[in-house]
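**Student:** Structure supplied as my_file.txt; contents: compact mmCIF, C-alpha atoms.
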```
# COMPACT_ATOMS: atom_id res chain seq x y z
CA MET A 176 26.04 -14.36 0.24
CA LYS A 177 25.33 -11.52 2.64
CA ILE A 178 22.97 -8.75 1.59
CA THR A 179 22.28 -5.39 3.21
CA PHE A 180 18.68 -4.43 3.86
CA ASN A 181 16.77 -1.54 5.38
CA LYS A 182 13.53 -1.81 7.31
CA TYR A 183 10.93 0.95 6.83
CA GLU A 184 7.37 1.42 8.01
CA GLY A 185 4.51 3.64 6.91
CA THR A 186 1.79 3.90 9.58
CA GLY A 187 2.66 0.40 10.77
CA ASN A 188 2.79 -1.17 7.29
CA ASP A 189 6.37 -2.48 7.32
CA PHE A 190 8.74 -3.45 4.53
CA VAL A 191 12.16 -4.94 3.87
CA MET A 192 13.95 -2.61 1.43
CA ILE A 193 16.79 -3.81 -0.75
CA ASP A 194 18.92 -1.81 -3.19
CA ASN A 195 18.96 -4.09 -6.23
CA ARG A 196 20.48 -1.72 -8.77
CA MET A 197 23.27 -4.26 -9.30
CA GLY A 198 20.70 -6.97 -9.99
CA ILE A 199 22.12 -9.49 -7.52
CA PHE A 200 19.00 -10.28 -5.49
CA PRO A 201 17.39 -13.63 -6.49
CA LYS A 202 13.90 -12.20 -6.99
CA THR A 203 12.48 -15.38 -8.53
CA ASN A 204 13.10 -17.22 -5.24
CA SER A 205 9.67 -16.82 -3.63
CA GLN A 206 10.57 -19.11 -0.71
CA LEU A 207 13.50 -16.87 0.18
CA ILE A 208 11.33 -13.74 0.04
CA GLU A 209 8.68 -15.40 2.20
CA LYS A 210 11.36 -16.38 4.74
CA LEU A 211 12.81 -12.85 4.86
CA CYS A 212 9.32 -11.48 5.58
CA ASP A 213 8.62 -14.10 8.26
CA ARG A 214 8.36 -12.48 11.70
CA ARG A 215 9.81 -15.51 13.52
CA PHE A 216 12.43 -16.93 11.16
CA GLY A 217 13.36 -13.86 9.12
CA ILE A 218 13.49 -10.09 9.30
CA GLY A 219 9.72 -9.69 9.51
CA ALA A 220 7.59 -7.50 7.24
CA ASP A 221 4.32 -7.15 5.37
CA GLY A 222 6.30 -7.12 2.14
CA LEU A 223 9.69 -6.87 0.46
CA ILE A 224 10.58 -4.12 -2.01
CA LEU A 225 13.44 -3.92 -4.49
CA LEU A 226 14.77 -0.60 -5.77
CA GLU A 227 16.02 -1.19 -9.31
CA ASN A 228 17.38 0.87 -12.20
CA ASP A 229 15.03 2.23 -14.85
CA THR A 230 16.00 3.89 -18.11
CA GLU A 231 13.21 6.49 -18.16
CA THR A 232 12.58 7.32 -14.48
CA ASP A 233 14.63 7.67 -11.30
CA PHE A 234 14.09 4.03 -10.29
CA ARG A 235 11.83 1.00 -10.56
CA MET A 236 9.76 -0.39 -7.67
CA VAL A 237 9.36 -4.19 -7.51
CA TYR A 238 7.01 -5.28 -4.73
CA PHE A 239 6.50 -8.70 -3.16
CA ASN A 240 3.86 -9.65 -0.61
CA SER A 241 4.96 -11.54 2.50
CA ASP A 242 3.85 -14.81 0.84
CA GLY A 243 6.82 -14.39 -1.53
CA ASN A 244 4.85 -13.54 -4.65
CA GLU A 245 5.29 -10.40 -6.71
CA SER A 246 2.17 -8.32 -6.34
CA SER A 247 0.32 -5.22 -7.49
CA MET A 248 0.98 -1.67 -6.31
CA CYS A 249 1.52 -0.94 -2.63
CA GLY A 250 0.89 2.69 -1.63
CA ASN A 251 2.63 2.70 1.74
CA GLY A 252 5.46 0.66 0.25
CA GLY A 253 5.84 3.20 -2.52
CA ARG A 254 6.04 6.02 0.00
CA CYS A 255 8.64 4.13 2.02
CA LEU A 256 10.66 3.37 -1.12
CA VAL A 257 10.81 7.10 -1.87
CA ALA A 258 12.32 7.68 1.58
CA PHE A 259 14.76 4.80 0.99
CA ALA A 260 15.74 6.22 -2.42
CA LYS A 261 16.51 9.56 -0.81
CA SER A 262 18.70 7.87 1.83
CA LEU A 263 20.69 6.30 -1.03
CA ASN A 264 21.01 9.71 -2.76
CA VAL A 265 19.16 8.33 -5.77
CA ILE A 266 16.77 11.29 -5.48
CA GLN A 267 16.48 14.57 -3.59
CA ASN A 268 12.99 15.76 -2.61
CA ASP A 269 10.98 15.02 -5.76
CA THR A 270 10.94 11.93 -7.91
CA ASP A 271 9.31 10.08 -10.76
CA PHE A 272 9.49 6.30 -10.61
CA ILE A 273 7.86 3.31 -12.26
CA ALA A 274 5.87 0.54 -10.54
CA THR A 275 3.76 -2.35 -11.74
CA ASP A 276 0.73 -0.09 -12.29
CA GLY A 277 2.67 2.59 -14.18
CA PRO A 278 4.51 5.85 -13.40
CA HIS A 279 4.26 7.70 -10.10
CA HIS A 280 5.35 11.15 -8.94
CA ALA A 281 6.23 11.70 -5.28
CA SER A 282 7.62 14.34 -2.96
CA ILE A 283 9.32 13.90 0.41
CA PHE A 284 9.30 16.66 3.01
CA GLU A 285 11.67 17.58 5.85
CA ASN A 286 9.39 16.02 8.47
CA GLY A 287 9.49 12.61 6.78
CA ILE A 288 6.03 12.93 5.23
CA VAL A 289 5.81 11.51 1.70
CA SER A 290 3.13 12.50 -0.80
CA LEU A 291 2.69 9.86 -3.49
CA GLY A 292 0.75 10.28 -6.72
CA MET A 293 -1.55 7.31 -7.30
CA LYS A 294 -3.15 6.03 -10.51
CA GLU A 295 -6.34 7.58 -11.85
CA VAL A 296 -9.56 5.72 -11.08
CA ASP A 297 -12.03 5.58 -13.98
CA PHE A 298 -14.18 2.61 -12.96
CA ILE A 299 -16.07 2.14 -9.70
CA LYS A 300 -18.55 -0.64 -9.08
CA ILE A 301 -21.18 0.50 -6.58
CA GLU A 302 -23.45 -2.12 -5.02
CA SER A 303 -25.95 -1.82 -2.17
CA ASP A 304 -23.51 -3.14 0.44
CA TYR A 305 -20.05 -2.57 -1.02
CA VAL A 306 -17.93 -0.65 -3.52
CA PHE A 307 -15.20 -2.16 -5.68
CA LEU A 308 -12.40 -0.22 -7.37
CA ASN A 309 -8.76 -0.57 -8.35
CA THR A 310 -6.27 1.97 -7.00
CA GLY A 311 -3.21 0.08 -8.24
CA SER A 312 -4.49 -2.96 -6.35
CA PRO A 313 -8.08 -4.27 -6.24
CA HIS A 314 -10.15 -3.18 -3.24
CA HIS A 315 -13.53 -4.15 -1.83
CA VAL A 316 -14.85 -1.38 0.45
CA THR A 317 -17.77 -1.78 2.85
CA MET A 318 -19.05 0.26 5.79
CA ILE A 319 -19.24 -1.21 9.31
CA ASP A 320 -20.89 0.25 12.42
CA ASP A 321 -18.72 -1.29 15.16
CA LEU A 322 -15.36 -1.17 13.42
CA LYS A 323 -13.31 -1.39 16.62
CA ASN A 324 -14.67 -4.83 17.56
CA TYR A 325 -15.09 -6.22 14.04
CA ASP A 326 -13.43 -9.55 13.14
CA VAL A 327 -11.47 -8.17 10.19
CA LYS A 328 -9.28 -11.23 9.63
CA ASN A 329 -12.07 -13.80 9.36
CA GLU A 330 -14.68 -11.60 7.69
CA GLY A 331 -12.09 -10.20 5.31
CA ALA A 332 -10.92 -13.68 4.35
CA LYS A 333 -14.50 -14.74 3.56
CA ILE A 334 -14.81 -11.92 1.03
CA ARG A 335 -11.25 -12.26 -0.31
CA TYR A 336 -11.77 -15.96 -1.11
CA SER A 337 -15.43 -15.68 -2.16
CA ASP A 338 -16.77 -16.38 -5.65
CA LEU A 339 -17.13 -12.63 -6.02
CA TYR A 340 -13.41 -12.26 -6.81
CA GLY A 341 -12.35 -15.79 -7.73
CA LYS A 342 -8.78 -17.04 -7.47
CA PRO A 343 -7.03 -13.62 -7.74
CA GLY A 344 -9.08 -12.32 -4.78
CA SER A 345 -9.29 -8.76 -3.54
CA ASN A 346 -8.12 -6.69 -0.62
CA VAL A 347 -11.01 -5.94 1.74
CA ASN A 348 -11.58 -2.65 3.56
CA PHE A 349 -13.97 -1.98 6.43
CA VAL A 350 -14.83 1.68 7.00
CA SER A 351 -16.70 3.77 9.55
CA GLN A 352 -17.38 7.50 9.36
CA ILE A 353 -16.09 9.88 12.05
CA SER A 354 -17.05 13.22 10.50
CA GLU A 355 -17.77 14.74 7.08
CA ASN A 356 -14.24 14.17 5.73
CA HIS A 357 -12.81 11.87 8.40
CA PHE A 358 -13.06 8.06 8.37
CA ALA A 359 -11.63 5.09 10.24
CA LEU A 360 -10.34 2.14 8.24
CA ARG A 361 -9.22 -1.45 8.80
CA THR A 362 -7.91 -3.60 5.94
CA TYR A 363 -7.47 -7.29 5.19
CA GLU A 364 -4.66 -7.67 2.66
CA ARG A 365 -4.40 -10.51 0.19
CA GLY A 366 -0.85 -11.90 0.00
CA VAL A 367 -0.40 -11.11 3.68
CA GLU A 368 -3.66 -13.01 4.34
CA ASP A 369 -4.31 -11.05 7.50
CA GLU A 370 -5.20 -7.60 8.73
CA THR A 371 -2.35 -5.11 8.39
CA LEU A 372 -1.93 -1.97 10.47
CA SER A 373 -2.29 0.13 7.33
CA CYS A 374 -2.80 -0.18 3.57
CA GLY A 375 -2.05 2.76 1.29
CA THR A 376 -3.98 1.62 -1.78
CA GLY A 377 -6.78 0.63 0.63
CA ALA A 378 -6.87 4.10 2.19
CA THR A 379 -6.97 5.59 -1.31
CA ALA A 380 -9.78 3.24 -2.30
CA ALA A 381 -11.77 3.95 0.87
CA ALA A 382 -11.51 7.72 0.41
CA ILE A 383 -12.65 7.60 -3.22
CA ALA A 384 -15.39 5.08 -2.42
CA MET A 385 -16.81 7.29 0.34
CA HIS A 386 -16.94 10.22 -2.07
CA ALA A 387 -18.46 8.10 -4.83
CA ILE A 388 -21.37 6.95 -2.65
CA GLY A 389 -22.00 10.44 -1.25
CA LYS A 390 -20.74 9.95 2.30
CA THR A 391 -18.53 13.00 1.85
CA LYS A 392 -18.33 15.94 -0.53
CA SER A 393 -14.73 16.71 0.41
CA HIS A 394 -11.85 16.11 -1.98
CA HIS A 395 -9.41 15.88 0.94
CA ILE A 396 -10.03 12.91 3.21
CA HIS A 397 -8.43 12.06 6.56
CA LEU A 398 -8.18 8.38 7.46
CA ASP A 399 -7.39 6.78 10.80
CA VAL A 400 -5.74 3.40 10.27
CA GLN A 401 -4.57 0.99 12.95
CA GLY A 402 -0.99 2.26 12.64
CA GLY A 403 -1.58 6.00 12.41
CA LYS A 404 -3.06 8.62 10.10
CA LEU A 405 -3.12 9.03 6.33
CA GLU A 406 -4.53 11.66 3.97
CA VAL A 407 -5.96 11.20 0.49
CA SER A 408 -6.74 14.01 -1.94
CA PHE A 409 -8.17 13.90 -5.45
CA VAL A 410 -9.98 15.79 -8.19
CA LYS A 411 -13.29 14.55 -9.60
CA ASP A 412 -13.21 14.99 -13.38
CA GLY A 413 -16.45 13.71 -14.87
CA ASP A 414 -16.55 10.00 -14.11
CA LYS A 415 -12.84 9.88 -13.24
CA TYR A 416 -10.85 10.57 -10.11
CA THR A 417 -7.58 12.25 -11.08
CA ASN A 418 -4.65 13.94 -9.30
CA VAL A 419 -4.96 11.30 -6.59
CA PHE A 420 -2.38 11.67 -3.80
CA LEU A 421 -1.68 9.53 -0.74
CA LYS A 422 0.15 11.36 2.04
CA GLY A 423 1.64 10.13 5.31
CA PRO A 424 4.83 9.29 7.20
CA ALA A 425 7.54 6.96 5.91
CA THR A 426 9.92 6.00 8.71
CA PHE A 427 13.32 4.29 8.77
CA VAL A 428 13.41 1.53 11.43
CA PHE A 429 16.81 -0.19 11.16
CA GLU A 430 19.51 -1.46 8.79
CA GLY A 431 21.12 -4.89 8.84
CA GLU A 432 22.79 -7.71 6.95
CA ILE A 433 21.43 -11.18 6.40
CA ASP A 434 22.74 -14.36 4.79
CA LEU A 435 20.73 -15.47 1.76
```
Mind turning this structure into structure tokens?

**Tutor:**
Amino acid sequence: MKITFNKYEGTGNDFVMIDNRMGIFPKTNSQLIEKLCDRRFGIGADGLILLENDTETDFRMVYFNSDGNESSMCGNGGRCLVAFAKSLNVIQNDTDFIATDGPHHASIFENGIVSLGMKEVDFIKIESDYVFLNTGSPHHVTMIDDLKNYDVKNEGAKIRYSDLYGKPGSNVNFVSQISENHFALRTYERGVEDETLSCGTGATAAAIAMHAIGKTKSHHIHLDVQGGKLEVSFVKDGDKYTNVFLKGPATFVFEGEIDL
């Protein structure tokens, strides 16, 4: 069986997009998904995303990491899926969709920028050397002086597989400050088991973490990731962070067909 796919990327975080509104994609076949994401034997991507029907919103997002397993929310993937949905005429410029962590609102602009509403954050664990929070996916955030030369893959893996997070693990973010509301970020992603060029939930987590520990007073944070630039905005409401938005480009790369 041949299936049509689209490839999208959001600041270098790349995804295989499949329209599964007819329900024909074998989404329980983790080996197939892993092969499609393989950069040598498949299409190549950090993850695979299915666009499916939903009775209460415009569509449902089903996200798989490149290891073939269904995973938690992916911010850049969600932004790219909004662009994909518009290309299919499922939506126009504004949308409400459902993902594994609940409902999301998003808007897509003429220049290809997508603003995606993220989940509220009402729990933040602050330790002397790291911050932990869940922005749709779990994130460990720590500050590093020499971020450019840091061994993100090996140091990130040590934390991801440590007793701190057990078998489920955590994504790991390394952050350095550029100015009052401007930070640089590199992320090790579980499921990919490597550094990715960008992580949307990681950028969201880093921005909120920097505010929570007093590194910035701004509610609008600029983040330089390996694959480009992202923006995160939020409102601090008591102990909660609400109206959280992740904003950045979502770019079509190519379309193709592949035998399953």

**Student:** To one decimal in Å, tell me the separation between CA of Met192 in chain A and CA of His315 in chain A.

**Tutor:**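 Computing the Euclidean distance for CA of Met192 in chain A and CA of His315 in chain A yields 27.7 Å.
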
**Student:** Could you state the separation of CA of His314 in chain A and CA of Pro424 in chain A in Å, given to one decimal place?

**Tutor:**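 Between CA of His314 in chain A and CA of Pro424 in chain A the gap works out to 22.1 Å.
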
**Student:** Please indicate the distance in Å from CA of Asp213 in chain A to CA of Phe239 in chain A, rounded to one decimal place.

**Tutor:**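 It comes out at 12.8 Å.
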
**Student:** From the set A:Lys411, A:Arg254, A:His357, A:Arg235, which residue has the shortest atom-to-atom contact distance to Ile288 in chain A, counting all atoms listed in the file?

**Tutor:** A:Arg254

**Student:** A:Tyr325, A:Phe307, A:Phe200, A:Phe420: which is nearest Tyr340 in chain A, counting all atoms listed in the file?

**Tutor:** A:Phe307

**Student:** So which residues touch Val257 in chain A within 12 Å, counting only C-alpha atoms, skipping near sequence neighbours fewer than 2 positions away, as number ranges by chain?

**Tutor:** A: 183-185, 192, 224-226, 233-236, 250-255, 259-274, 279-284, 287-292, 424-427

**Student:** Determine the nearest neighbour of Gly389 in chain A from the options A:Val410, A:Ile301, A:Thr310, A:Val367, counting only C-alpha atoms.

**Tutor:** A:Ile301

**Student:** Hey, which of A:Asp304, A:Ile299, A:Lys422, A:Pro201 ends up closest to Ala384 in chain A? Count only C-alpha atoms.

**Tutor:**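 Checking each candidate against Ala384 in chain A, we get A:Ile299 as the closest.
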
**Student:** Name the closest residue to Asp194 in chain A among the candidates A:Ile178, A:His397, A:Tyr336, A:Ser354; distances are taken between atoms, counting only C-alpha atoms.

**Tutor:**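 Of A:Ile178, A:His397, A:Tyr336, A:Ser354, the one nearest Asp194 in chain A, counting only C-alpha atoms, is A:Ile178.
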
**Student:** Go through A:Leu421, A:Cys374, A:Met385, A:Val306 one by one, measure the shortest atom-to-atom distance of each to Thr186 in chain A using all atoms listed in the file, and give the residue with the smallest value.

**Tutor:**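 That would be A:Cys374, the residue with the smallest distance to Thr186 in chain A.
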
**Student:** Some atoms are missing, so please complete range 287-308 of chain A with N, CA, C and O atoms and return it as a PDB file, in the coordinates of the input.

**Tutor:**
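For reference, selection-v1.pdb as written:
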```
ATOM      1  N   GLY A 287       9.617  14.037   7.077  1.00  0.00           N
ATOM      2  CA  GLY A 287       9.490  12.610   6.780  1.00  0.00           C
ATOM      3  C   GLY A 287       8.174  12.222   6.147  1.00  0.00           C
ATOM      4  O   GLY A 287       7.939  11.041   5.872  1.00  0.00           O
ATOM      5  N   ILE A 288       7.299  13.194   5.909  1.00  0.00           N
ATOM      6  CA  ILE A 288       6.030  12.930   5.230  1.00  0.00           C
ATOM      7  C   ILE A 288       6.288  12.761   3.737  1.00  0.00           C
ATOM      8  O   ILE A 288       7.024  13.549   3.138  1.00  0.00           O
ATOM      9  N   VAL A 289       5.683  11.745   3.142  1.00  0.00           N
ATOM     10  CA  VAL A 289       5.810  11.510   1.700  1.00  0.00           C
ATOM     11  C   VAL A 289       4.435  11.596   1.062  1.00  0.00           C
ATOM     12  O   VAL A 289       3.478  10.965   1.524  1.00  0.00           O
ATOM     13  N   SER A 290       4.343  12.386   0.000  1.00  0.00           N
ATOM     14  CA  SER A 290       3.130  12.500  -0.800  1.00  0.00           C
ATOM     15  C   SER A 290       3.348  11.742  -2.096  1.00  0.00           C
ATOM     16  O   SER A 290       4.274  12.058  -2.852  1.00  0.00           O
ATOM     17  N   LEU A 291       2.508  10.757  -2.349  1.00  0.00           N
ATOM     18  CA  LEU A 291       2.690   9.860  -3.490  1.00  0.00           C
ATOM     19  C   LEU A 291       1.506   9.966  -4.440  1.00  0.00           C
ATOM     20  O   LEU A 291       0.355   9.774  -4.038  1.00  0.00           O
ATOM     21  N   GLY A 292       1.778  10.263  -5.704  1.00  0.00           N
ATOM     22  CA  GLY A 292       0.750  10.280  -6.720  1.00  0.00           C
ATOM     23  C   GLY A 292       0.314   8.861  -7.061  1.00  0.00           C
ATOM     24  O   GLY A 292       1.147   8.001  -7.348  1.00  0.00           O
ATOM     25  N   MET A 293      -0.992   8.619  -7.017  1.00  0.00           N
ATOM     26  CA  MET A 293      -1.550   7.310  -7.300  1.00  0.00           C
ATOM     27  C   MET A 293      -2.206   7.316  -8.687  1.00  0.00           C
ATOM     28  O   MET A 293      -2.423   8.356  -9.291  1.00  0.00           O
ATOM     29  N   LYS A 294      -2.555   6.122  -9.181  1.00  0.00           N
ATOM     30  CA  LYS A 294      -3.150   6.030 -10.510  1.00  0.00           C
ATOM     31  C   LYS A 294      -4.558   6.632 -10.519  1.00  0.00           C
ATOM     32  O   LYS A 294      -5.240   6.676  -9.488  1.00  0.00           O
ATOM     33  N   GLU A 295      -4.975   7.098 -11.692  1.00  0.00           N
ATOM     34  CA  GLU A 295      -6.340   7.580 -11.850  1.00  0.00           C
ATOM     35  C   GLU A 295      -7.320   6.427 -11.706  1.00  0.00           C
ATOM     36  O   GLU A 295      -6.998   5.277 -12.019  1.00  0.00           O
ATOM     37  N   VAL A 296      -8.501   6.732 -11.217  1.00  0.00           N
ATOM     38  CA  VAL A 296      -9.560   5.720 -11.080  1.00  0.00           C
ATOM     39  C   VAL A 296     -10.697   6.112 -12.017  1.00  0.00           C
ATOM     40  O   VAL A 296     -11.299   7.175 -11.849  1.00  0.00           O
ATOM     41  N   ASP A 297     -10.973   5.263 -13.013  1.00  0.00           N
ATOM     42  CA  ASP A 297     -12.030   5.580 -13.980  1.00  0.00           C
ATOM     43  C   ASP A 297     -13.164   4.560 -13.986  1.00  0.00           C
ATOM     44  O   ASP A 297     -14.074   4.647 -14.803  1.00  0.00           O
ATOM     45  N   PHE A 298     -13.090   3.580 -13.073  1.00  0.00           N
ATOM     46  CA  PHE A 298     -14.180   2.610 -12.960  1.00  0.00           C
ATOM     47  C   PHE A 298     -14.427   2.307 -11.494  1.00  0.00           C
ATOM     48  O   PHE A 298     -13.500   1.952 -10.756  1.00  0.00           O
ATOM     49  N   ILE A 299     -15.669   2.459 -11.066  1.00  0.00           N
ATOM     50  CA  ILE A 299     -16.070   2.140  -9.700  1.00  0.00           C
ATOM     51  C   ILE A 299     -17.369   1.348  -9.766  1.00  0.00           C
ATOM     52  O   ILE A 299     -18.360   1.801 -10.353  1.00  0.00           O
ATOM     53  N   LYS A 300     -17.347   0.188  -9.154  1.00  0.00           N
ATOM     54  CA  LYS A 300     -18.550  -0.640  -9.080  1.00  0.00           C
ATOM     55  C   LYS A 300     -19.239  -0.379  -7.747  1.00  0.00           C
ATOM     56  O   LYS A 300     -18.665  -0.630  -6.695  1.00  0.00           O
ATOM     57  N   ILE A 301     -20.447   0.158  -7.805  1.00  0.00           N
ATOM     58  CA  ILE A 301     -21.180   0.500  -6.580  1.00  0.00           C
ATOM     59  C   ILE A 301     -22.367  -0.444  -6.439  1.00  0.00           C
ATOM     60  O   ILE A 301     -23.257  -0.476  -7.292  1.00  0.00           O
ATOM     61  N   GLU A 302     -22.353  -1.221  -5.356  1.00  0.00           N
ATOM     62  CA  GLU A 302     -23.450  -2.120  -5.020  1.00  0.00           C
ATOM     63  C   GLU A 302     -24.123  -1.631  -3.741  1.00  0.00           C
ATOM     64  O   GLU A 302     -23.645  -0.692  -3.100  1.00  0.00           O
ATOM     65  N   SER A 303     -25.207  -2.279  -3.346  1.00  0.00           N
ATOM     66  CA  SER A 303     -25.950  -1.820  -2.170  1.00  0.00           C
ATOM     67  C   SER A 303     -25.145  -1.926  -0.883  1.00  0.00           C
ATOM     68  O   SER A 303     -25.322  -1.119   0.035  1.00  0.00           O
ATOM     69  N   ASP A 304     -24.243  -2.911  -0.811  1.00  0.00           N
ATOM     70  CA  ASP A 304     -23.510  -3.140   0.440  1.00  0.00           C
ATOM     71  C   ASP A 304     -21.998  -3.054   0.309  1.00  0.00           C
ATOM     72  O   ASP A 304     -21.275  -3.304   1.266  1.00  0.00           O
ATOM     73  N   TYR A 305     -21.496  -2.708  -0.863  1.00  0.00           N
ATOM     74  CA  TYR A 305     -20.050  -2.570  -1.020  1.00  0.00           C
ATOM     75  C   TYR A 305     -19.722  -1.770  -2.268  1.00  0.00           C
ATOM     76  O   TYR A 305     -20.578  -1.554  -3.147  1.00  0.00           O
ATOM     77  N   VAL A 306     -18.477  -1.331  -2.343  1.00  0.00           N
ATOM     78  CA  VAL A 306     -17.930  -0.650  -3.520  1.00  0.00           C
ATOM     79  C   VAL A 306     -16.664  -1.393  -3.914  1.00  0.00           C
ATOM     80  O   VAL A 306     -15.889  -1.822  -3.045  1.00  0.00           O
ATOM     81  N   PHE A 307     -16.449  -1.544  -5.214  1.00  0.00           N
ATOM     82  CA  PHE A 307     -15.200  -2.160  -5.680  1.00  0.00           C
ATOM     83  C   PHE A 307     -14.518  -1.209  -6.655  1.00  0.00           C
ATOM     84  O   PHE A 307     -15.154  -0.631  -7.540  1.00  0.00           O
ATOM     85  N   LEU A 308     -13.199  -1.044  -6.472  1.00  0.00           N
ATOM     86  CA  LEU A 308     -12.400  -0.220  -7.370  1.00  0.00           C
ATOM     87  C   LEU A 308     -10.949  -0.647  -7.307  1.00  0.00           C
ATOM     88  O   LEU A 308     -10.541  -1.361  -6.377  1.00  0.00           O
TER      89      LEU A 308
END
```
